[in-house]
>>> print(open('model_37.cif').read())   # mmCIF, C-alpha atoms and all ligand atoms
data_upload
#
loop_
_atom_site.label_atom_id
_atom_site.label_comp_id
_atom_site.auth_asym_id
_atom_site.auth_seq_id
_atom_site.Cartn_x
_atom_site.Cartn_y
_atom_site.Cartn_z
CA ARG A 257 77.34 113.54 145.25
CA TYR A 258 80.89 113.33 143.95
CA GLU A 259 80.02 113.73 140.27
CA LYS A 260 80.15 117.51 140.31
CA GLY A 261 83.54 117.40 141.96
CA TRP A 262 84.95 115.08 139.34
CA LEU A 263 83.45 117.16 136.56
CA PHE A 264 85.18 120.19 137.99
CA VAL A 265 88.50 118.35 138.19
CA ALA A 266 88.11 117.17 134.60
CA LEU A 267 87.30 120.70 133.47
CA LEU A 268 90.31 122.09 135.29
CA PHE A 269 92.46 119.47 133.61
CA ILE A 270 91.19 120.39 130.16
CA VAL A 271 91.66 124.10 130.78
CA GLY A 272 95.18 123.37 131.99
CA LEU A 273 95.94 121.38 128.86
CA VAL A 274 94.68 124.08 126.55
CA ALA A 275 96.56 126.71 128.53
CA THR A 276 99.76 124.70 128.20
CA VAL A 277 99.42 124.44 124.45
CA VAL A 278 98.55 128.12 124.05
CA TYR A 279 101.35 129.13 126.40
CA GLY A 280 103.90 127.13 124.40
CA ALA A 281 102.73 128.62 121.14
CA VAL A 282 102.64 132.18 122.41
CA VAL A 283 105.78 132.31 124.49
CA ALA A 284 108.15 130.99 121.86
CA GLY A 285 106.18 131.97 118.79
CA VAL A 286 106.85 128.49 117.56
CA ASP A 287 105.12 127.15 114.49
CA MET A 288 105.71 123.52 113.82
CA VAL A 289 105.40 122.13 110.34
CA GLY A 290 106.13 118.47 110.37
CA ASP A 291 106.05 115.11 108.69
CA ARG A 292 108.39 115.77 105.84
CA GLY A 293 110.88 113.23 107.06
CA GLY A 294 111.69 109.84 105.72
CA ALA A 295 113.78 106.73 105.90
CA LEU A 296 117.55 106.98 105.86
CA ALA A 297 119.71 105.07 103.40
CA ASN A 298 121.65 103.36 106.17
CA PRO A 299 119.84 103.26 109.52
CA GLN A 300 122.97 102.03 111.31
CA ASP A 301 124.99 105.04 110.25
CA PRO A 302 123.07 108.24 109.51
CA THR A 303 126.33 109.99 108.71
CA GLU A 304 126.41 107.97 105.50
CA SER A 305 123.34 109.89 104.43
CA PRO A 306 124.28 113.23 102.81
CA ASP A 307 121.93 115.08 105.19
CA PHE A 308 123.71 113.93 108.31
CA ARG A 309 127.28 113.64 107.04
CA ASP A 310 128.18 116.87 108.81
CA PRO A 311 125.56 117.68 111.49
CA GLY A 312 125.22 121.37 112.27
CA VAL A 313 123.49 124.63 111.42
CA TYR A 314 123.32 125.81 107.81
CA CYS A 315 121.73 129.18 107.05
CA ASN A 316 121.20 130.96 103.76
CA ASP A 317 123.04 134.20 103.07
CA ASP A 318 120.40 136.58 104.45
CA ARG A 319 119.76 134.18 107.36
CA SER A 320 116.01 134.16 106.65
CA SER A 321 116.05 130.37 106.71
CA CYS A 322 118.27 127.70 108.20
CA ASP A 323 118.56 123.94 108.16
CA VAL A 324 119.74 122.26 111.33
CA TYR A 325 120.91 118.66 111.20
CA VAL A 326 120.93 117.05 114.63
CA LEU A 327 121.96 113.62 115.81
CA ALA A 328 120.37 112.60 119.09
CA ARG A 329 122.57 109.89 120.55
CA ARG A 330 123.64 108.30 123.81
CA PHE A 331 123.78 110.69 125.66
CA PHE A 332 124.08 113.99 123.88
CA PHE A 333 122.79 116.10 121.02
CA GLN A 334 125.15 116.78 118.15
CA PRO A 335 125.09 119.73 117.86
CA GLY A 336 123.37 121.01 120.99
CA THR A 337 125.33 119.60 123.90
CA ALA A 338 129.04 120.21 123.28
CA GLN A 339 128.18 123.38 121.37
CA PRO A 340 124.80 125.14 121.33
CA ILE A 341 122.52 125.16 118.31
CA ARG A 342 122.77 128.85 117.35
CA VAL A 343 120.05 130.20 115.08
CA PRO A 344 118.89 133.73 114.16
CA ALA A 345 115.66 135.14 115.63
CA GLY A 346 112.85 135.32 113.08
CA SER A 347 114.50 132.80 110.81
CA ASN A 348 112.53 129.87 109.44
CA VAL A 349 114.50 127.02 110.97
CA THR A 350 114.01 123.52 109.59
CA PHE A 351 115.27 120.81 111.89
CA HIS A 352 116.31 117.39 110.59
CA LEU A 353 116.55 114.97 113.46
CA THR A 354 117.63 111.37 113.71
CA SER A 355 119.37 108.90 115.99
CA PRO A 356 122.25 106.52 115.25
CA ASP A 357 121.46 104.26 118.21
CA VAL A 358 118.16 104.14 120.13
CA LEU A 359 114.97 106.16 120.43
CA HIS A 360 115.51 109.63 121.89
CA GLY A 361 113.40 112.71 122.43
CA PHE A 362 114.00 116.30 121.39
CA GLU A 363 111.95 118.59 123.57
CA VAL A 364 112.58 122.32 123.54
CA VAL A 365 111.60 123.34 127.06
CA GLY A 366 108.97 126.08 127.24
CA THR A 367 107.80 125.58 123.65
CA ASN A 368 105.51 123.12 121.89
CA VAL A 369 108.46 121.45 120.15
CA ASN A 370 108.55 117.82 121.23
CA VAL A 371 109.75 115.36 118.61
CA MET A 372 111.04 111.80 118.67
CA ALA A 373 114.41 110.91 117.19
CA VAL A 374 113.86 107.51 115.60
CA PRO A 375 116.78 105.37 114.41
CA GLY A 376 116.73 105.06 110.63
CA GLN A 377 114.23 107.89 110.24
CA SER A 378 114.69 111.57 109.61
CA ALA A 379 112.15 113.74 111.43
CA VAL A 380 111.74 117.11 109.72
CA PHE A 381 110.00 120.07 111.35
CA SER A 382 110.16 123.84 111.08
CA VAL A 383 110.34 126.34 113.90
CA THR A 384 110.53 130.12 113.97
CA PHE A 385 111.92 131.63 117.16
CA ASP A 386 110.54 135.16 117.21
CA ASP A 387 112.78 136.56 119.94
CA THR A 388 116.35 136.12 121.03
CA GLY A 389 116.95 133.92 124.01
CA GLU A 390 118.12 130.55 125.18
CA TYR A 391 116.22 127.29 125.26
CA ASP A 392 117.06 124.04 126.96
CA VAL A 393 116.67 120.86 124.98
CA VAL A 394 115.99 117.64 126.84
CA CYS A 395 115.61 114.01 125.87
CA ASN A 396 112.25 112.74 127.04
CA GLU A 397 112.47 109.14 125.87
CA TYR A 398 114.22 106.76 128.21
CA CYS A 399 117.40 105.82 126.34
CA GLY A 400 119.67 104.24 128.94
CA SER A 401 121.83 105.00 131.95
CA GLY A 402 122.68 108.54 130.84
CA HIS A 403 119.15 109.51 129.85
CA HIS A 404 118.72 112.04 132.64
CA THR A 405 121.95 113.82 131.65
CA MET A 406 121.03 114.12 127.98
CA GLU A 407 120.56 117.86 127.51
CA GLY A 408 121.35 120.51 124.97
CA ARG A 409 120.84 124.18 124.28
CA ILE A 410 119.46 126.39 121.55
CA GLU A 411 120.68 129.99 121.39
CA VAL A 412 118.49 132.36 119.41
CA VAL A 413 120.65 135.36 118.51
CU1 LIG B 501 118.25 110.19 125.02
CU2 LIG B 501 116.83 109.76 126.88
#
>>> encode(input="model_37.cif", output="structure tokens", more="lines below")
Ligand code: CUA
Amino acid sequence: RYEKGWLFVALLFIVGLVATVVYGAVVAGVDMVGDRGGALANPQDPTESPDFRDPGVYCNDDRSSCDVYVLARRFFFQPGTAQPIRVPAGSNVTFHLTSPDVLHGFEVVGTNVNVMAVPGQSAVFSVTFDDTGEYDVVCNEYCGSGHHTMEGRIEVV
């Protein structure tokens, strides 16, 4: 007697899941291209690696593409928290993400961007933000006492 009910619930769940994925892709116009990362020379200190020596946003002259080097660390994003990550709309933005301490998350709220920052590893993924706007970035891996305060911001200009 209950089978139909459960089937319905399961169906609802699946539809919800698909809707979430589609919503994320449509709303932000985000395309993720991933898995081009790799191991860092010195896991204890990513800033010894040339990529992460000076974390920040680096765009080419016509701003059609940018590289963003981000350290996720207890308990902030660098850049992202103290100053926003500012990127141009329509630009092909390649993020390079790592952590100098423990596992963190890098979730761009309202999009399908949700990547782990793994100590000693560089996670590389590309995102195009079609429209101007602001996005919150949150850490979604428990990383210690300040986990719930670990937030950042992306400004698409
Ligand atoms: Cu960083 Cu939770």
>>> residues_around(input="model_37.cif", residues="Gln339 in chain A", least_positions_apart="6", cutoff="12 Å", atoms="all atoms listed in the file", output="ChimeraX atom specification")
/A:311-313,326,332-333,407-411
>>> closest_atom_pairs(input="model_37.cif", of="chain A", to="ligand LIG 501 (chain B)", cutoff="7 Å", atoms="all atoms listed in the file", output="JSON lines")
{"residue": "A:Ala328", "atom": "CA", "partner": "B:LIG501", "partner_atom": "CU1", "distance": 6.7}
{"residue": "A:Arg329", "atom": "CA", "partner": "B:LIG501", "partner_atom": "CU1", "distance": 6.2}
{"residue": "A:Arg330", "atom": "CA", "partner": "B:LIG501", "partner_atom": "CU1", "distance": 5.8}
{"residue": "A:Phe331", "atom": "CA", "partner": "B:LIG501", "partner_atom": "CU1", "distance": 5.6}
{"residue": "A:Leu359", "atom": "CA", "partner": "B:LIG501", "partner_atom": "CU1", "distance": 6.9}
{"residue": "A:His360", "atom": "CA", "partner": "B:LIG501", "partner_atom": "CU1", "distance": 4.2}
{"residue": "A:Gly361", "atom": "CA", "partner": "B:LIG501", "partner_atom": "CU1", "distance": 6.0}
{"residue": "A:Cys395", "atom": "CA", "partner": "B:LIG501", "partner_atom": "CU2", "distance": 4.5}
{"residue": "A:Asn396", "atom": "CA", "partner": "B:LIG501", "partner_atom": "CU2", "distance": 5.5}
{"residue": "A:Glu397", "atom": "CA", "partner": "B:LIG501", "partner_atom": "CU2", "distance": 4.5}
{"residue": "A:Tyr398", "atom": "CA", "partner": "B:LIG501", "partner_atom": "CU2", "distance": 4.2}
{"residue": "A:Cys399", "atom": "CA", "partner": "B:LIG501", "partner_atom": "CU2", "distance": 4.0}
{"residue": "A:Gly400", "atom": "CA", "partner": "B:LIG501", "partner_atom": "CU2", "distance": 6.5}
{"residue": "A:His403", "atom": "CA", "partner": "B:LIG501", "partner_atom": "CU2", "distance": 3.8}
{"residue": "A:His404", "atom": "CA", "partner": "B:LIG501", "partner_atom": "CU2", "distance": 6.5}
{"residue": "A:Met406", "atom": "CA", "partner": "B:LIG501", "partner_atom": "CU1", "distance": 5.7}
>>> closest_residue(input="model_37.cif", among="A:Phe308, A:Phe385, A:Trp262, A:Tyr391", to="Phe362 in chain A", atoms="all atoms listed in the file")
A:Tyr391
>>> atom_distance(input="model_37.cif", atom1="CA of Val358 in chain A", atom2="CA of Asp307 in chain A")
18.9 Å
>>> closest_residue(input="model_37.cif", among="A:Leu267, A:Ala295, A:Leu327, A:Val349", to="Tyr314 in chain A", atoms="only C-alpha atoms")
A:Val349
>>> closest_residue(input="model_37.cif", among="A:Gly402, A:Glu390, A:Ser321, A:Gln377", to="Gly336 in chain A", atoms="only C-alpha atoms")
A:Glu390
>>> closest_residue(input="model_37.cif", among="A:Val343, A:Val364, A:Val374, A:Val324", to="Thr388 in chain A", atoms="all atoms listed in the file")
A:Val343
>>> atom_distance(input="model_37.cif", atom1="CA of Asn370 in chain A", atom2="CA of Ser320 in chain A")
23.1 Å
>>> atom_distance(input="model_37.cif", atom1="CA of Pro335 in chain A", atom2="CA of Asp386 in chain A")
21.2 Å
>>> closest_residue(input="model_37.cif", among="A:Ser401, A:Thr354, A:Thr367, A:Thr384", to="Gly294 in chain A", atoms="all atoms listed in the file")
A:Thr354
>>> build_atoms(input="model_37.cif", residues="range 376-387 of chain A", atoms="all heavy atoms", output="mmCIF file, in the frame of the given file")
data_model
loop_
_atom_site.group_PDB
_atom_site.id
_atom_site.type_symbol
_atom_site.label_atom_id
_atom_site.label_comp_id
_atom_site.auth_asym_id
_atom_site.auth_seq_id
_atom_site.Cartn_x
_atom_site.Cartn_y
_atom_site.Cartn_z
ATOM 1 N N GLY A 376 117.063 105.393 112.007
ATOM 2 C CA GLY A 376 116.730 105.060 110.630
ATOM 3 C C GLY A 376 115.732 105.998 109.984
ATOM 4 O O GLY A 376 115.426 105.854 108.809
ATOM 5 N N GLN A 377 115.210 106.959 110.773
ATOM 6 C CA GLN A 377 114.230 107.890 110.240
ATOM 7 C C GLN A 377 114.709 109.325 110.437
ATOM 8 O O GLN A 377 115.305 109.637 111.459
ATOM 9 C CB GLN A 377 112.890 107.751 110.982
ATOM 10 C CG GLN A 377 112.222 106.406 110.837
ATOM 11 C CD GLN A 377 111.401 106.310 109.560
ATOM 12 O OE1 GLN A 377 110.860 107.315 109.103
ATOM 13 N NE2 GLN A 377 111.326 105.127 108.986
ATOM 14 N N SER A 378 114.416 110.155 109.460
ATOM 15 C CA SER A 378 114.690 111.570 109.610
ATOM 16 C C SER A 378 113.387 112.289 109.912
ATOM 17 O O SER A 378 112.452 112.219 109.129
ATOM 18 C CB SER A 378 115.321 112.115 108.325
ATOM 19 O OG SER A 378 115.376 113.517 108.348
ATOM 20 N N ALA A 379 113.315 112.934 111.083
ATOM 21 C CA ALA A 379 112.150 113.740 111.430
ATOM 22 C C ALA A 379 112.437 115.180 111.010
ATOM 23 O O ALA A 379 113.475 115.729 111.369
ATOM 24 C CB ALA A 379 111.869 113.662 112.917
ATOM 25 N N VAL A 380 111.537 115.760 110.238
ATOM 26 C CA VAL A 380 111.740 117.110 109.720
ATOM 27 C C VAL A 380 110.632 118.010 110.238
ATOM 28 O O VAL A 380 109.453 117.674 110.103
ATOM 29 C CB VAL A 380 111.762 117.110 108.180
ATOM 30 C CG1 VAL A 380 112.002 118.517 107.643
ATOM 31 C CG2 VAL A 380 112.826 116.154 107.661
ATOM 32 N N PHE A 381 111.001 119.133 110.849
ATOM 33 C CA PHE A 381 110.000 120.070 111.350
ATOM 34 C C PHE A 381 110.587 121.469 111.346
ATOM 35 O O PHE A 381 111.799 121.646 111.460
ATOM 36 C CB PHE A 381 109.530 119.672 112.759
ATOM 37 C CG PHE A 381 110.645 119.469 113.740
ATOM 38 C CD1 PHE A 381 110.997 120.482 114.613
ATOM 39 C CD2 PHE A 381 111.335 118.269 113.795
ATOM 40 C CE1 PHE A 381 112.033 120.307 115.526
ATOM 41 C CE2 PHE A 381 112.374 118.088 114.694
ATOM 42 C CZ PHE A 381 112.722 119.108 115.563
ATOM 43 N N SER A 382 109.713 122.446 111.180
ATOM 44 C CA SER A 382 110.160 123.840 111.080
ATOM 45 C C SER A 382 109.714 124.645 112.284
ATOM 46 O O SER A 382 108.612 124.463 112.786
ATOM 47 C CB SER A 382 109.598 124.477 109.801
ATOM 48 O OG SER A 382 110.143 123.842 108.674
ATOM 49 N N VAL A 383 110.594 125.506 112.733
ATOM 50 C CA VAL A 383 110.340 126.340 113.900
ATOM 51 C C VAL A 383 110.832 127.746 113.610
ATOM 52 O O VAL A 383 111.890 127.922 113.015
ATOM 53 C CB VAL A 383 111.086 125.793 115.148
ATOM 54 C CG1 VAL A 383 110.801 126.655 116.365
ATOM 55 C CG2 VAL A 383 110.725 124.347 115.416
ATOM 56 N N THR A 384 110.049 128.744 114.012
ATOM 57 C CA THR A 384 110.530 130.120 113.970
ATOM 58 C C THR A 384 110.587 130.651 115.396
ATOM 59 O O THR A 384 109.567 130.689 116.083
ATOM 60 C CB THR A 384 109.602 131.006 113.112
ATOM 61 O OG1 THR A 384 109.552 130.476 111.793
ATOM 62 C CG2 THR A 384 110.126 132.440 113.059
ATOM 63 N N PHE A 385 111.776 131.006 115.840
ATOM 64 C CA PHE A 385 111.920 131.630 117.160
ATOM 65 C C PHE A 385 111.844 133.134 116.963
ATOM 66 O O PHE A 385 112.727 133.731 116.344
ATOM 67 C CB PHE A 385 113.264 131.238 117.790
ATOM 68 C CG PHE A 385 113.402 129.763 118.063
ATOM 69 C CD1 PHE A 385 114.065 128.939 117.169
ATOM 70 C CD2 PHE A 385 112.853 129.202 119.201
ATOM 71 C CE1 PHE A 385 114.200 127.582 117.413
ATOM 72 C CE2 PHE A 385 112.976 127.843 119.456
ATOM 73 C CZ PHE A 385 113.651 127.025 118.565
ATOM 74 N N ASP A 386 110.773 133.737 117.467
ATOM 75 C CA ASP A 386 110.540 135.160 117.210
ATOM 76 C C ASP A 386 111.562 136.055 117.908
ATOM 77 O O ASP A 386 111.963 137.076 117.372
ATOM 78 C CB ASP A 386 109.134 135.551 117.677
ATOM 79 C CG ASP A 386 108.066 134.934 116.787
ATOM 80 O OD1 ASP A 386 108.405 134.556 115.643
ATOM 81 O OD2 ASP A 386 106.913 134.831 117.227
ATOM 82 N N ASP A 387 111.934 135.676 119.128
ATOM 83 C CA ASP A 387 112.780 136.560 119.940
ATOM 84 C C ASP A 387 114.092 135.874 120.290
ATOM 85 O O ASP A 387 114.172 134.648 120.329
ATOM 86 C CB ASP A 387 112.039 136.937 121.221
ATOM 87 C CG ASP A 387 110.740 137.667 120.921
ATOM 88 O OD1 ASP A 387 110.775 138.605 120.118
ATOM 89 O OD2 ASP A 387 109.697 137.255 121.469
#
